[in-house]
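S.K.: My questions all concern the structure below.
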Amino acid sequence: MGTMKSERDVSNDSLSLTAPVRESDRQQGFRAVGIAVSKLAGPIVAKRGGGILVRLKADWAAIIGSDWASVTWPCALGRDGVLKLRLASTAALELQHRAPLLIERINLFFGRSVVTRLALVQGPLPLDLSPSDAIVPRLAAGEVAALDERLSVIADPELRAALGRLGHAVVGRRS
């Protein structure tokens with residue numbers, strides 16, 4: 001029969017991957033791993049440029065200005081410094097001419113050369129509506145009555161409701 005080694009003997013014979021833990025440091029139950037994971041993954045993400053893209057997306061309006069931020073969105077940042085920028089088709093031509101200015105603003109924000117050039121991709125933006133656009137002002141009682149009168153001739157209730165929402169938005173923005 002082989003001899004059984006105690007737990008203490010086994011740990012002395014094998015390579016230990018963890019630092020010794022004192023009994024006073026041990027806690028019973030579940031522990032949050034978020035802090036440990038962020039400490040391990042943080043340097044890796046920062047080294048590969050992922051942290052730069054996250055920060056770029058978080059501060060996008062502050063970096064390039066609210067006008068450009070409403071028609072553009074950073075999608076990806078390559079290792080060679082190419083920033084893939086999704087933009088509304090209406091802004092493509094002007095942004096193509098102003099690309100050096102945007103690159104300068106981005107690099108100035110980070111304090112070093114992060115972006116070398118822009119790759120422009122026309123398409124829908126992830127956040128098409130800004131919060132100020134989503135708020136429709138309240139209509140006056142006369143405007144509501146006039147809108148209801150115009151919609152009363154429409155028989156289909158779903159169509160009437162959809163046109164009512166559209167009319168409310170149009171009349172509200174005009175006044």
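Residues in the structure tokens are numbered from 1 in each chain, the chains being A, B, ... in the order shown, and ligands are numbered from 1 in the order shown.
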Give me the residues within 8 Å of Ala76 in chain A as a list in words, counting only C-alpha atoms and dropping any in the same chain fewer than 2 places off.
M.R.: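 Counting only the stated atoms, we get Leu53, Pro74, Gly78, Leu83, Lys84 and Leu85 of chain A.
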S.K.: Keeping N, CA and C atoms, export the residues of the selection given above as an mmCIF file, in the first residue's frame.
M.R.:
data_model
loop_
_atom_site.group_PDB
_atom_site.id
_atom_site.type_symbol
_atom_site.label_atom_id
_atom_site.label_comp_id
_atom_site.auth_asym_id
_atom_site.auth_seq_id
_atom_site.Cartn_x
_atom_site.Cartn_y
_atom_site.Cartn_z
ATOM 1 N N LEU A 53 -10.121 53.037 -27.549
ATOM 2 C CA LEU A 53 -11.400 53.091 -28.252
ATOM 3 C C LEU A 53 -12.559 53.306 -27.284
ATOM 4 N N PRO A 74 -17.223 56.485 -33.749
ATOM 5 C CA PRO A 74 -16.032 55.641 -33.919
ATOM 6 C C PRO A 74 -16.388 54.161 -33.743
ATOM 7 N N GLY A 78 -7.575 50.442 -35.434
ATOM 8 C CA GLY A 78 -6.587 49.431 -35.799
ATOM 9 C C GLY A 78 -5.254 49.687 -35.136
ATOM 10 N N LEU A 83 -8.586 54.823 -37.682
ATOM 11 C CA LEU A 83 -9.848 54.876 -36.964
ATOM 12 C C LEU A 83 -10.986 54.684 -37.966
ATOM 13 N N LYS A 84 -11.738 53.604 -37.784
ATOM 14 C CA LYS A 84 -12.907 53.341 -38.635
ATOM 15 C C LYS A 84 -14.046 54.166 -38.068
ATOM 16 N N LEU A 85 -14.541 55.084 -38.880
ATOM 17 C CA LEU A 85 -15.536 56.054 -38.431
ATOM 18 C C LEU A 85 -16.806 55.887 -39.253
#
S.K.: Using only C-alpha atoms, which of the listed residues (A:Ala169, A:Ile106, A:Leu77, A:Ala88) sits closest to Val121 in chain A?
M.R.: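 Answer, going by the shortest atom-to-atom distance: A:Ala88.
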S.K.: Please list as a PDB file with N, CA and C atoms, in the first residue's frame every residue within 12 Å of range 61-73 of chain A, counting only C-alpha atoms and excluding residues in the same chain fewer than 4 positions away.
M.R.:
ATOM      1  N   LEU A  53     -10.121  53.037 -27.549  1.00  0.00           N
ATOM      2  CA  LEU A  53     -11.400  53.091 -28.252  1.00  0.00           C
ATOM      3  C   LEU A  53     -12.559  53.306 -27.284  1.00  0.00           C
ATOM      4  N   VAL A  54     -12.507  52.662 -26.135  1.00  0.00           N
ATOM      5  CA  VAL A  54     -13.556  52.851 -25.133  1.00  0.00           C
ATOM      6  C   VAL A  54     -13.588  54.297 -24.670  1.00  0.00           C
ATOM      7  N   ARG A  55     -12.431  54.849 -24.408  1.00  0.00           N
ATOM      8  CA  ARG A  55     -12.348  56.245 -23.967  1.00  0.00           C
ATOM      9  C   ARG A  55     -12.768  57.194 -25.081  1.00  0.00           C
ATOM     10  N   LEU A  56     -12.420  56.855 -26.309  1.00  0.00           N
ATOM     11  CA  LEU A  56     -12.796  57.662 -27.464  1.00  0.00           C
ATOM     12  C   LEU A  56     -14.318  57.710 -27.621  1.00  0.00           C
ATOM     13  N   LYS A  57     -14.972  56.555 -27.456  1.00  0.00           N
ATOM     14  CA  LYS A  57     -16.432  56.510 -27.557  1.00  0.00           C
ATOM     15  C   LYS A  57     -17.097  57.255 -26.401  1.00  0.00           C
ATOM     16  N   LEU A  77     -10.550  50.830 -33.912  1.00  0.00           N
ATOM     17  CA  LEU A  77      -9.242  51.466 -34.007  1.00  0.00           C
ATOM     18  C   LEU A  77      -8.220  50.376 -34.263  1.00  0.00           C
ATOM     19  N   LEU A  83      -8.586  54.823 -37.682  1.00  0.00           N
ATOM     20  CA  LEU A  83      -9.848  54.876 -36.964  1.00  0.00           C
ATOM     21  C   LEU A  83     -10.986  54.684 -37.966  1.00  0.00           C
ATOM     22  N   LYS A  84     -11.738  53.604 -37.784  1.00  0.00           N
ATOM     23  CA  LYS A  84     -12.907  53.341 -38.635  1.00  0.00           C
ATOM     24  C   LYS A  84     -14.046  54.166 -38.068  1.00  0.00           C
ATOM     25  N   LEU A  85     -14.541  55.084 -38.880  1.00  0.00           N
ATOM     26  CA  LEU A  85     -15.536  56.054 -38.431  1.00  0.00           C
ATOM     27  C   LEU A  85     -16.806  55.887 -39.253  1.00  0.00           C
ATOM     28  N   ARG A  86     -17.901  55.538 -38.557  1.00  0.00           N
ATOM     29  CA  ARG A  86     -19.203  55.438 -39.230  1.00  0.00           C
ATOM     30  C   ARG A  86     -19.814  56.832 -39.247  1.00  0.00           C
ATOM     31  N   LEU A  87     -20.404  57.209 -40.399  1.00  0.00           N
ATOM     32  CA  LEU A  87     -20.950  58.550 -40.503  1.00  0.00           C
ATOM     33  C   LEU A  87     -22.183  58.570 -41.382  1.00  0.00           C
ATOM     34  N   ALA A  88     -22.983  59.591 -41.182  1.00  0.00           N
ATOM     35  CA  ALA A  88     -24.169  59.807 -42.007  1.00  0.00           C
ATOM     36  C   ALA A  88     -23.715  60.219 -43.396  1.00  0.00           C
ATOM     37  N   SER A  89     -24.415  59.752 -44.411  1.00  0.00           N
ATOM     38  CA  SER A  89     -24.001  60.020 -45.787  1.00  0.00           C
ATOM     39  C   SER A  89     -24.011  61.513 -46.117  1.00  0.00           C
ATOM     40  N   THR A  90     -24.830  62.277 -45.431  1.00  0.00           N
ATOM     41  CA  THR A  90     -24.887  63.716 -45.686  1.00  0.00           C
ATOM     42  C   THR A  90     -23.616  64.448 -45.252  1.00  0.00           C
ATOM     43  N   ALA A  91     -22.841  63.852 -44.373  1.00  0.00           N
ATOM     44  CA  ALA A  91     -21.639  64.514 -43.852  1.00  0.00           C
ATOM     45  C   ALA A  91     -20.356  63.972 -44.464  1.00  0.00           C
ATOM     46  N   ALA A  92     -20.461  62.995 -45.352  1.00  0.00           N
ATOM     47  CA  ALA A  92     -19.266  62.302 -45.844  1.00  0.00           C
ATOM     48  C   ALA A  92     -18.294  63.224 -46.580  1.00  0.00           C
ATOM     49  N   GLU A  94     -17.924  66.576 -46.588  1.00  0.00           N
ATOM     50  CA  GLU A  94     -17.299  67.602 -45.752  1.00  0.00           C
ATOM     51  C   GLU A  94     -16.304  66.983 -44.768  1.00  0.00           C
ATOM     52  N   LEU A  95     -16.650  65.824 -44.209  1.00  0.00           N
ATOM     53  CA  LEU A  95     -15.755  65.182 -43.257  1.00  0.00           C
ATOM     54  C   LEU A  95     -14.473  64.691 -43.937  1.00  0.00           C
ATOM     55  N   ARG A  98     -12.262  67.564 -43.893  1.00  0.00           N
ATOM     56  CA  ARG A  98     -11.880  67.987 -42.542  1.00  0.00           C
ATOM     57  C   ARG A  98     -11.210  66.876 -41.730  1.00  0.00           C
ATOM     58  N   ALA A  99     -10.893  65.771 -42.358  1.00  0.00           N
ATOM     59  CA  ALA A  99     -10.278  64.638 -41.654  1.00  0.00           C
ATOM     60  C   ALA A  99      -9.002  65.030 -40.906  1.00  0.00           C
ATOM     61  N   PRO A 100      -8.096  65.811 -41.495  1.00  0.00           N
ATOM     62  CA  PRO A 100      -6.893  66.196 -40.727  1.00  0.00           C
ATOM     63  C   PRO A 100      -7.221  66.952 -39.432  1.00  0.00           C
ATOM     64  N   LEU A 101      -8.251  67.794 -39.472  1.00  0.00           N
ATOM     65  CA  LEU A 101      -8.652  68.535 -38.271  1.00  0.00           C
ATOM     66  C   LEU A 101      -9.164  67.584 -37.189  1.00  0.00           C
ATOM     67  N   LEU A 102      -9.991  66.609 -37.570  1.00  0.00           N
ATOM     68  CA  LEU A 102     -10.507  65.643 -36.604  1.00  0.00           C
ATOM     69  C   LEU A 102      -9.383  64.790 -36.015  1.00  0.00           C
ATOM     70  N   ILE A 103      -8.454  64.363 -36.860  1.00  0.00           N
ATOM     71  CA  ILE A 103      -7.308  63.571 -36.377  1.00  0.00           C
ATOM     72  C   ILE A 103      -6.499  64.393 -35.380  1.00  0.00           C
ATOM     73  N   GLU A 104      -6.301  65.668 -35.686  1.00  0.00           N
ATOM     74  CA  GLU A 104      -5.556  66.542 -34.777  1.00  0.00           C
ATOM     75  C   GLU A 104      -6.269  66.682 -33.433  1.00  0.00           C
ATOM     76  N   ARG A 105      -7.588  66.855 -33.451  1.00  0.00           N
ATOM     77  CA  ARG A 105      -8.356  66.981 -32.204  1.00  0.00           C
ATOM     78  C   ARG A 105      -8.265  65.708 -31.362  1.00  0.00           C
ATOM     79  N   ILE A 106      -8.366  64.566 -32.007  1.00  0.00           N
ATOM     80  CA  ILE A 106      -8.302  63.283 -31.285  1.00  0.00           C
ATOM     81  C   ILE A 106      -6.928  63.105 -30.649  1.00  0.00           C
ATOM     82  N   ASN A 107      -5.881  63.339 -31.434  1.00  0.00           N
ATOM     83  CA  ASN A 107      -4.524  63.174 -30.907  1.00  0.00           C
ATOM     84  C   ASN A 107      -4.207  64.196 -29.822  1.00  0.00           C
ATOM     85  N   LEU A 108      -4.739  65.391 -29.947  1.00  0.00           N
ATOM     86  CA  LEU A 108      -4.552  66.404 -28.913  1.00  0.00           C
ATOM     87  C   LEU A 108      -5.231  65.975 -27.622  1.00  0.00           C
ATOM     88  N   PHE A 109      -6.400  65.370 -27.716  1.00  0.00           N
ATOM     89  CA  PHE A 109      -7.125  64.903 -26.538  1.00  0.00           C
ATOM     90  C   PHE A 109      -6.313  63.854 -25.780  1.00  0.00           C
ATOM     91  N   PHE A 110      -5.704  62.915 -26.504  1.00  0.00           N
ATOM     92  CA  PHE A 110      -4.930  61.853 -25.861  1.00  0.00           C
ATOM     93  C   PHE A 110      -3.498  62.275 -25.532  1.00  0.00           C
ATOM     94  N   LEU A 118      -8.256  58.328 -41.035  1.00  0.00           N
ATOM     95  CA  LEU A 118      -9.641  57.913 -40.835  1.00  0.00           C
ATOM     96  C   LEU A 118     -10.088  57.036 -41.999  1.00  0.00           C
ATOM     97  N   ALA A 119     -10.815  55.980 -41.683  1.00  0.00           N
ATOM     98  CA  ALA A 119     -11.484  55.167 -42.691  1.00  0.00           C
ATOM     99  C   ALA A 119     -12.977  55.451 -42.535  1.00  0.00           C
ATOM    100  N   LEU A 120     -13.548  56.153 -43.508  1.00  0.00           N
ATOM    101  CA  LEU A 120     -14.935  56.591 -43.418  1.00  0.00           C
ATOM    102  C   LEU A 120     -15.860  55.523 -43.986  1.00  0.00           C
ATOM    103  N   VAL A 121     -16.883  55.169 -43.212  1.00  0.00           N
ATOM    104  CA  VAL A 121     -17.871  54.173 -43.614  1.00  0.00           C
ATOM    105  C   VAL A 121     -19.245  54.815 -43.471  1.00  0.00           C
ATOM    106  N   GLN A 122     -19.946  54.946 -44.593  1.00  0.00           N
ATOM    107  CA  GLN A 122     -21.279  55.538 -44.538  1.00  0.00           C
ATOM    108  C   GLN A 122     -22.290  54.487 -44.098  1.00  0.00           C
ATOM    109  N   GLY A 123     -23.159  54.887 -43.215  1.00  0.00           N
ATOM    110  CA  GLY A 123     -24.173  53.957 -42.743  1.00  0.00           C
ATOM    111  C   GLY A 123     -24.920  54.528 -41.559  1.00  0.00           C
ATOM    112  N   PRO A 124     -25.896  53.757 -41.054  1.00  0.00           N
ATOM    113  CA  PRO A 124     -26.679  54.242 -39.914  1.00  0.00           C
ATOM    114  C   PRO A 124     -25.826  54.321 -38.661  1.00  0.00           C
ATOM    115  N   LEU A 125     -26.080  55.329 -37.867  1.00  0.00           N
ATOM    116  CA  LEU A 125     -25.364  55.520 -36.612  1.00  0.00           C
ATOM    117  C   LEU A 125     -26.067  54.754 -35.501  1.00  0.00           C
ATOM    118  N   PRO A 126     -25.328  54.316 -34.493  1.00  0.00           N
ATOM    119  CA  PRO A 126     -25.976  53.567 -33.408  1.00  0.00           C
ATOM    120  C   PRO A 126     -26.921  54.416 -32.578  1.00  0.00           C
ATOM    121  N   LEU A 127     -26.669  55.704 -32.496  1.00  0.00           N
ATOM    122  CA  LEU A 127     -27.517  56.612 -31.718  1.00  0.00           C
ATOM    123  C   LEU A 127     -28.000  57.723 -32.639  1.00  0.00           C
ATOM    124  N   ASP A 128     -29.018  57.424 -33.461  1.00  0.00           N
ATOM    125  CA  ASP A 128     -29.477  58.408 -34.434  1.00  0.00           C
ATOM    126  C   ASP A 128     -30.110  59.630 -33.788  1.00  0.00           C
ATOM    127  N   LEU A 129     -30.865  59.458 -32.704  1.00  0.00           N
ATOM    128  CA  LEU A 129     -31.541  60.585 -32.071  1.00  0.00           C
ATOM    129  C   LEU A 129     -30.755  61.095 -30.882  1.00  0.00           C
ATOM    130  N   SER A 130     -30.526  62.375 -30.870  1.00  0.00           N
ATOM    131  CA  SER A 130     -29.931  62.956 -29.674  1.00  0.00           C
ATOM    132  C   SER A 130     -31.056  63.189 -28.674  1.00  0.00           C
ATOM    133  N   PRO A 131     -30.772  63.275 -27.381  1.00  0.00           N
ATOM    134  CA  PRO A 131     -31.824  63.458 -26.387  1.00  0.00           C
ATOM    135  C   PRO A 131     -32.677  64.694 -26.634  1.00  0.00           C
ATOM    136  N   SER A 132     -32.096  65.766 -27.154  1.00  0.00           N
ATOM    137  CA  SER A 132     -32.880  66.976 -27.401  1.00  0.00           C
ATOM    138  C   SER A 132     -33.861  66.776 -28.551  1.00  0.00           C
ATOM    139  N   ASP A 133     -33.516  65.914 -29.532  1.00  0.00           N
ATOM    140  CA  ASP A 133     -34.418  65.647 -30.643  1.00  0.00           C
ATOM    141  C   ASP A 133     -35.598  64.788 -30.219  1.00  0.00           C
TER     142      ASP A 133
END
S.K.: Where in range 47-127 of chain A does DSSP assign strand (DSSP E), given as JSON, numbers by chain?
M.R.: {"A": [72, 73, 74, 75, 76, 77, 82, 83, 84, 85, 86, 87, 117, 118, 119, 120, 121, 122]}
S.K.: For CA of Glu149 in chain A and CA of Val171 in chain A, determine how far apart the two atoms are, in Å to one decimal place.
M.R.: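 Distance between the two atoms: 14.1 Å.
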S.K.: When you draw a straight line from CA of Asp59 in chain A to CA of Arg79 in chain A, how long is it in Å?
M.R.: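 Computing it gives 20.3 Å between the two atoms.
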S.K.: For each of A:Gly142, A:Gly164, A:Gly81, A:Gly172, take the minimum atom-to-atom distance to Arg112 in chain A, counting only C-alpha atoms, then give the residue where this is smallest.
M.R.: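 Ranking A:Gly142, A:Gly164, A:Gly81, A:Gly172 by distance to Arg112 in chain A, first place goes to A:Gly81.
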